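K.L.:
One structure coming up, written as structure tokens, with questions to follow.
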Amino acid sequence: MKRLSSLLVVGLIFLAAAGAVSAQTIELTFWTHTDDNRTMIEERYIEEFEAMYPNIKIKRVANEASKMGDLILTAFSAQNAPDIFNLPIEQEYAYMVYQRVAPLDYEAIGYENAEDLKSDFLEGTFDPISLDGVIYGLPLEVTNWSIYMNERVFRDAGLDPDQDWPRTWEDMADVAEKLTLRDGEVVLRRGFDFRYPYYLVSVLPMVEQLGGRLVSADGKTAIVNEEAWIQVLKYFQDWGPHGRNLGSPTYPAARKVWNKDNNDLGMCLSGYYQQARLKIDNPEFHDSGEWRVVPFPVFENAVSDVRASYYGHYYLVNAQTPKEKQKWAWKFIAYMLDHPWEYLQEVNILIPRNDLLEDQDFTELPYMDVFMSDMEKSHAVFLHENGYQFERFIGDAIDGVMLAGESAEGALATLKSRIQEVLDDIY
Amino acid sequence: MRKKQGFSMEQKKARWGWIFVSPALILFSLFSFYPIITAFYTSFFNKNLLSLQPPRYLGWGNYKYLFNSQEFFDSVLNTAIFTAGTFIPLVVFSLILAMFIMSIGKFQRFFQMAFYAPAVLSSVVAALIWLLVFDPRGIANYGLNLFFRTSGVNYHWLSKAGMLRLSTIIVYFWKYIGYFTIVFVAGIGAIPTTLHEAALIDGTSRWQNFGM
């Protein structure tokens, strides 16, 4: 009996000890979008962080970028969201509005307060991620898009890449026409094509160049300056298969095709990060010196010199994560983002820290001057709690004029009524 | 003395039937009926997926909105076209294929697997394959140009409403024809051959025998 009691006591002590160890282990779930270069360095940061803090385990899950919005929304709706995640800032905004993400923990990231943090970053970096004076995220990247040109395609079409690159959207259509090769109605080589799902980043600025806006300044009225919208919708109508037949959303994504250098695309719209992906996809073309980057075009009758909006991916922490875990989540995010040069060199994404931006090596990077010059003329992407929904509505309007034979006026009327309905529901 | 009442053979079979079927019924109820009932209940509320506030009760508000929306009726029409355009050919052709498989002596397994293969293919992979097929430079345009003896005509598989409906129907038909064929093969195989033999002795024609 005595022996049995002793065994029982030893067993209980063992169980208690095992329980204590497992209770000390904190597991952080971290969802992000796929990017092979970033995965490589962030997996290493995880290993390093776990080695420094053995009680922390980090589970990183990468999902297709286009699926992230729906996945995160569903996870939050089901109260089963990750501890750390990132989305494009236009999608993150609603998470701040509904208090689903935690305010930044300055102590955990090694800063005294907001001013101390802001002094280390490019001015305005935290504006898109702040609400009522509270900062909710740390920047993984701030990106804007310019035009990547394949010089071989230009020369093949008898154009001079030094002289004939498009400065205006009118130029863009004419140059694209010259670069386009067709077999009857079928386009074999596109001169340029848009990035169709990302309308807030690249199409809304085209409207703004003409003096239009998506929502009035007081936030209550949809579509300001209908003439500007109609001009842009007509431009897309003309671009599509029922107009000049220069491209359409039914062709493969231009940004991916461009890397292949298969003589089937002249120009595409992308950010600085394209260069890192090109280096992996097609190192020969990357090193060939046969491509360049030129500024985002402007309409001839533009009233405002606005370029493609810059957007960002900010790392956020789930507000429903326990406070202790939140602290470790911020600590880990800060650890990752404390490698801005590595993110720039390996992934070609820009963490807008002043020490990086002021470095001479940074300013001498290929075509960084073009991106920075465009960024100076741009503003942060349109932010609204229903921005994700609005972007889909704009997409429907563009599909309508390009593919379904809708008139620009009809598509605009539908777009306006759909957005107004959402705004009326809020106010 | 009263004779002990036991279960009949039929009752025993029925009981084992329920035992075998119950896991599927439970899982089906859990993953199909429960979401349907929850969705119906949620349809009476205005629910924001991100908000932590409780959803606002609307009564029949969402349904009134729906029946005043042209988009809803467009969606119903498209669903009706898709259903008729997909399921009628699916039933007819899968029955023909099933009869073909049952009528051949050899390679039955091969044909069953070949027809069923698209059903097990990931939807993402299937979508990528068909995007290439329907690409303006893809095999679908090439095939129609060859058939109609035209050159360079874009049939707008993914950009005209009618062609887009046809594309969707083709993809669904391709993906599920094998599944329906296997269902028919199993059904036809379960019919005792003695029934057909008896019918033939009674003087039925081949069509009458098939219809029976």
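Chain lettering (A, B, ...) mirrors the order of the structure tokens, residue numbering begins at 1 for each chain separately, and ligand numbering begins at 1 in order of display.
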Hey, list the chain A side of the contact with chain B: 9 Å cut-off, only C-alpha atoms, answer as a PyMOL selection string.

P.N.:
chain A and resi 73-74+76-78+94-95+97-100+182-188+241+248-252+399+402-405

K.L.:
List every residue of stretch 24-69 of chain B that DSSP, applied to the backbone of this structure, assigns to strand (DSSP E), and report them as a PyMOL selection string.

P.N.:
chain B and resi 45-46+56-57

K.L.:
Contacts of A:Asn386 at 9 Å or less, counting only C-alpha atoms, minus same-chain residues fewer than 4 places along, as a list in words?

P.N.:
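Once the adjacent positions are removed, what remains is Glu90, Gln91, Tyr93, Ala94, Phe390, Glu391, Val422 and Leu423 of chain A.
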
K.L.:
For the residues in the current selection, export N, CA and C atoms as an mmCIF file, in the first residue's frame.

P.N.:
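Below you can see result02.cif, which holds the result:
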```cif
data_model
loop_
_atom_site.group_PDB
_atom_site.id
_atom_site.type_symbol
_atom_site.label_atom_id
_atom_site.label_comp_id
_atom_site.auth_asym_id
_atom_site.auth_seq_id
_atom_site.Cartn_x
_atom_site.Cartn_y
_atom_site.Cartn_z
ATOM 1 N N GLU A 90 -5.847 48.419 -47.403
ATOM 2 C CA GLU A 90 -7.248 48.759 -47.687
ATOM 3 C C GLU A 90 -8.199 47.710 -47.120
ATOM 4 N N GLN A 91 -7.696 46.486 -46.906
ATOM 5 C CA GLN A 91 -8.532 45.447 -46.294
ATOM 6 C C GLN A 91 -8.386 45.445 -44.771
ATOM 7 N N TYR A 93 -8.214 48.042 -42.851
ATOM 8 C CA TYR A 93 -8.879 49.198 -42.230
ATOM 9 C C TYR A 93 -10.111 48.784 -41.421
ATOM 10 N N ALA A 94 -10.945 47.897 -41.995
ATOM 11 C CA ALA A 94 -12.175 47.480 -41.314
ATOM 12 C C ALA A 94 -11.879 46.789 -39.980
ATOM 13 N N PHE A 390 -16.173 47.865 -52.153
ATOM 14 C CA PHE A 390 -16.192 48.889 -53.217
ATOM 15 C C PHE A 390 -15.295 48.468 -54.382
ATOM 16 N N GLU A 391 -14.155 47.871 -54.040
ATOM 17 C CA GLU A 391 -13.218 47.440 -55.090
ATOM 18 C C GLU A 391 -13.882 46.395 -55.998
ATOM 19 N N VAL A 422 -24.503 51.136 -49.758
ATOM 20 C CA VAL A 422 -23.641 50.779 -48.622
ATOM 21 C C VAL A 422 -23.452 51.990 -47.709
ATOM 22 N N LEU A 423 -23.226 53.165 -48.319
ATOM 23 C CA LEU A 423 -23.009 54.376 -47.511
ATOM 24 C C LEU A 423 -24.270 54.718 -46.724
#
```

K.L.:
Could you list, as a list in words, every residue within 7 Å of stretch 259-273 of chain A, counting only C-alpha atoms and ignoring same-chain residues fewer than 6 positions away?

P.N.:
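Near neighbours after the sequence-gap exclusion: Thr143, Asn144, Trp145, Ser146, Ile147, Tyr148, Met149, Asn150, Val153, Phe154, Leu179, Leu188, Arg189, Arg190, Gly191, Phe192, Asp193, Phe194, Arg195, Asp281, Asn282, Val347, Asn348 and Ile349 of chain A.
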
K.L.:
If we count only C-alpha atoms, what is near A:Lys377 at a cut-off of 12 Å, once residues fewer than 2 positions away on the same chain are taken out, given as a list in words?

P.N.:
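Skipping anything fewer than 2 positions along the chain leaves Asn144, Trp145, Ser146, Pro205, Gln209, Pro295, Phe296, Pro297, Val298, Ser304, Asp305, Val306, Arg307, Ala308, Ser309, Tyr310, Val370, Phe371, Met372, Ser373, Asp374, Met375, His379 and Ala380 of chain A.
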
K.L.:
Point out the residue among A:Leu138, A:Met336, A:Leu131, A:Leu214 with the least atom-to-atom distance to A:Glu47, counting only C-alpha atoms.

P.N.:
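Going through A:Leu138, A:Met336, A:Leu131, A:Leu214 one by one, the smallest distance to A:Glu47 is for A:Met336.
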
K.L.:
Can you pull out the residues contacting A:Ile84? Cut-off 9 Å, using only C-alpha atoms, and skip same-chain residues under 4 positions away; I want them as a VMD selection string.

P.N.:
chain A and resid 28 to 32 315 to 318 326 329 to 330 333

K.L.:
For those residues, write N, CA and C atoms to a file as a PDB file, in the first residue's frame.

P.N.:
```pdb
ATOM      1  N   LEU A  28       2.250  30.820 -31.116  1.00  0.00           N
ATOM      2  CA  LEU A  28       1.689  31.937 -31.882  1.00  0.00           C
ATOM      3  C   LEU A  28       1.374  31.454 -33.299  1.00  0.00           C
ATOM      4  N   THR A  29       0.170  31.722 -33.764  1.00  0.00           N
ATOM      5  CA  THR A  29      -0.150  31.387 -35.161  1.00  0.00           C
ATOM      6  C   THR A  29       0.004  32.652 -36.003  1.00  0.00           C
ATOM      7  N   PHE A  30       0.587  32.471 -37.169  1.00  0.00           N
ATOM      8  CA  PHE A  30       1.002  33.603 -37.993  1.00  0.00           C
ATOM      9  C   PHE A  30       0.600  33.300 -39.437  1.00  0.00           C
ATOM     10  N   TRP A  31      -0.393  34.041 -39.949  1.00  0.00           N
ATOM     11  CA  TRP A  31      -0.866  33.827 -41.324  1.00  0.00           C
ATOM     12  C   TRP A  31      -0.372  34.964 -42.209  1.00  0.00           C
ATOM     13  N   THR A  32       0.148  34.574 -43.349  1.00  0.00           N
ATOM     14  CA  THR A  32       0.620  35.589 -44.285  1.00  0.00           C
ATOM     15  C   THR A  32       0.418  35.088 -45.712  1.00  0.00           C
ATOM     16  N   TYR A 315       1.850  44.294 -40.402  1.00  0.00           N
ATOM     17  CA  TYR A 315       1.587  43.162 -39.503  1.00  0.00           C
ATOM     18  C   TYR A 315       0.696  43.636 -38.354  1.00  0.00           C
ATOM     19  N   LEU A 316      -0.354  42.840 -38.110  1.00  0.00           N
ATOM     20  CA  LEU A 316      -1.319  43.177 -37.066  1.00  0.00           C
ATOM     21  C   LEU A 316      -1.405  42.028 -36.068  1.00  0.00           C
ATOM     22  N   VAL A 317      -1.941  42.345 -34.895  1.00  0.00           N
ATOM     23  CA  VAL A 317      -2.122  41.321 -33.858  1.00  0.00           C
ATOM     24  C   VAL A 317      -3.601  41.263 -33.487  1.00  0.00           C
ATOM     25  N   ASN A 318      -4.093  40.069 -33.395  1.00  0.00           N
ATOM     26  CA  ASN A 318      -5.501  39.820 -33.072  1.00  0.00           C
ATOM     27  C   ASN A 318      -5.835  40.370 -31.676  1.00  0.00           C
ATOM     28  N   GLN A 326      -0.138  38.588 -26.899  1.00  0.00           N
ATOM     29  CA  GLN A 326      -0.035  39.802 -27.734  1.00  0.00           C
ATOM     30  C   GLN A 326       1.362  40.406 -27.605  1.00  0.00           C
ATOM     31  N   ALA A 329       3.722  38.411 -29.519  1.00  0.00           N
ATOM     32  CA  ALA A 329       3.457  38.587 -30.956  1.00  0.00           C
ATOM     33  C   ALA A 329       4.128  39.868 -31.456  1.00  0.00           C
ATOM     34  N   TRP A 330       3.965  40.979 -30.705  1.00  0.00           N
ATOM     35  CA  TRP A 330       4.597  42.242 -31.102  1.00  0.00           C
ATOM     36  C   TRP A 330       6.121  42.132 -31.073  1.00  0.00           C
ATOM     37  N   ILE A 333       7.147  40.281 -34.174  1.00  0.00           N
ATOM     38  CA  ILE A 333       7.000  41.125 -35.375  1.00  0.00           C
ATOM     39  C   ILE A 333       8.161  42.130 -35.441  1.00  0.00           C
TER      40      ILE A 333
END
```

K.L.:
With only C-alpha atoms as the counted atoms, please give the residues lying no more than 12 Å from A:Ser119, apart from itself and same-chain residues fewer than 6 positions off, as a PyMOL selection string.

P.N.:
chain A and resi 111-113+125-126+352-355

K.L.:
With N, CA and C atoms kept, could you save the residues just selected as a PDB file, in the first residue's frame?

P.N.:
```pdb
ATOM      1  N   TYR A 111      10.073  50.717 -27.964  1.00  0.00           N
ATOM      2  CA  TYR A 111       9.910  52.171 -28.107  1.00  0.00           C
ATOM      3  C   TYR A 111       9.203  52.724 -26.873  1.00  0.00           C
ATOM      4  N   GLU A 112       9.402  54.044 -26.676  1.00  0.00           N
ATOM      5  CA  GLU A 112       8.765  54.665 -25.502  1.00  0.00           C
ATOM      6  C   GLU A 112       7.314  55.004 -25.772  1.00  0.00           C
ATOM      7  N   ASN A 113       7.088  55.564 -26.976  1.00  0.00           N
ATOM      8  CA  ASN A 113       5.714  55.987 -27.312  1.00  0.00           C
ATOM      9  C   ASN A 113       5.589  56.140 -28.833  1.00  0.00           C
ATOM     10  N   THR A 125       4.051  57.177 -42.507  1.00  0.00           N
ATOM     11  CA  THR A 125       4.009  55.708 -42.583  1.00  0.00           C
ATOM     12  C   THR A 125       2.836  55.126 -41.800  1.00  0.00           C
ATOM     13  N   PHE A 126       2.568  55.729 -40.636  1.00  0.00           N
ATOM     14  CA  PHE A 126       1.556  55.124 -39.760  1.00  0.00           C
ATOM     15  C   PHE A 126       0.163  55.731 -39.954  1.00  0.00           C
ATOM     16  N   PRO A 352       9.647  51.207 -44.740  1.00  0.00           N
ATOM     17  CA  PRO A 352      10.069  52.613 -44.865  1.00  0.00           C
ATOM     18  C   PRO A 352      10.745  53.185 -43.625  1.00  0.00           C
ATOM     19  N   ARG A 353      11.857  52.593 -43.248  1.00  0.00           N
ATOM     20  CA  ARG A 353      12.603  53.099 -42.096  1.00  0.00           C
ATOM     21  C   ARG A 353      13.614  54.126 -42.577  1.00  0.00           C
ATOM     22  N   ASN A 354      13.744  55.188 -41.812  1.00  0.00           N
ATOM     23  CA  ASN A 354      14.613  56.285 -42.240  1.00  0.00           C
ATOM     24  C   ASN A 354      16.055  55.847 -42.445  1.00  0.00           C
ATOM     25  N   ASP A 355      16.557  54.960 -41.581  1.00  0.00           N
ATOM     26  CA  ASP A 355      17.959  54.543 -41.728  1.00  0.00           C
ATOM     27  C   ASP A 355      18.196  53.856 -43.065  1.00  0.00           C
TER      28      ASP A 355
END
```

K.L.:
Run DSSP on the backbone of this structure and report the residues of stretch 8-107 of chain B it assigns to alpha helix (DSSP H), as a PyMOL selection string.

P.N.:
chain B and resi 9-28+34-42+61-67+70-103
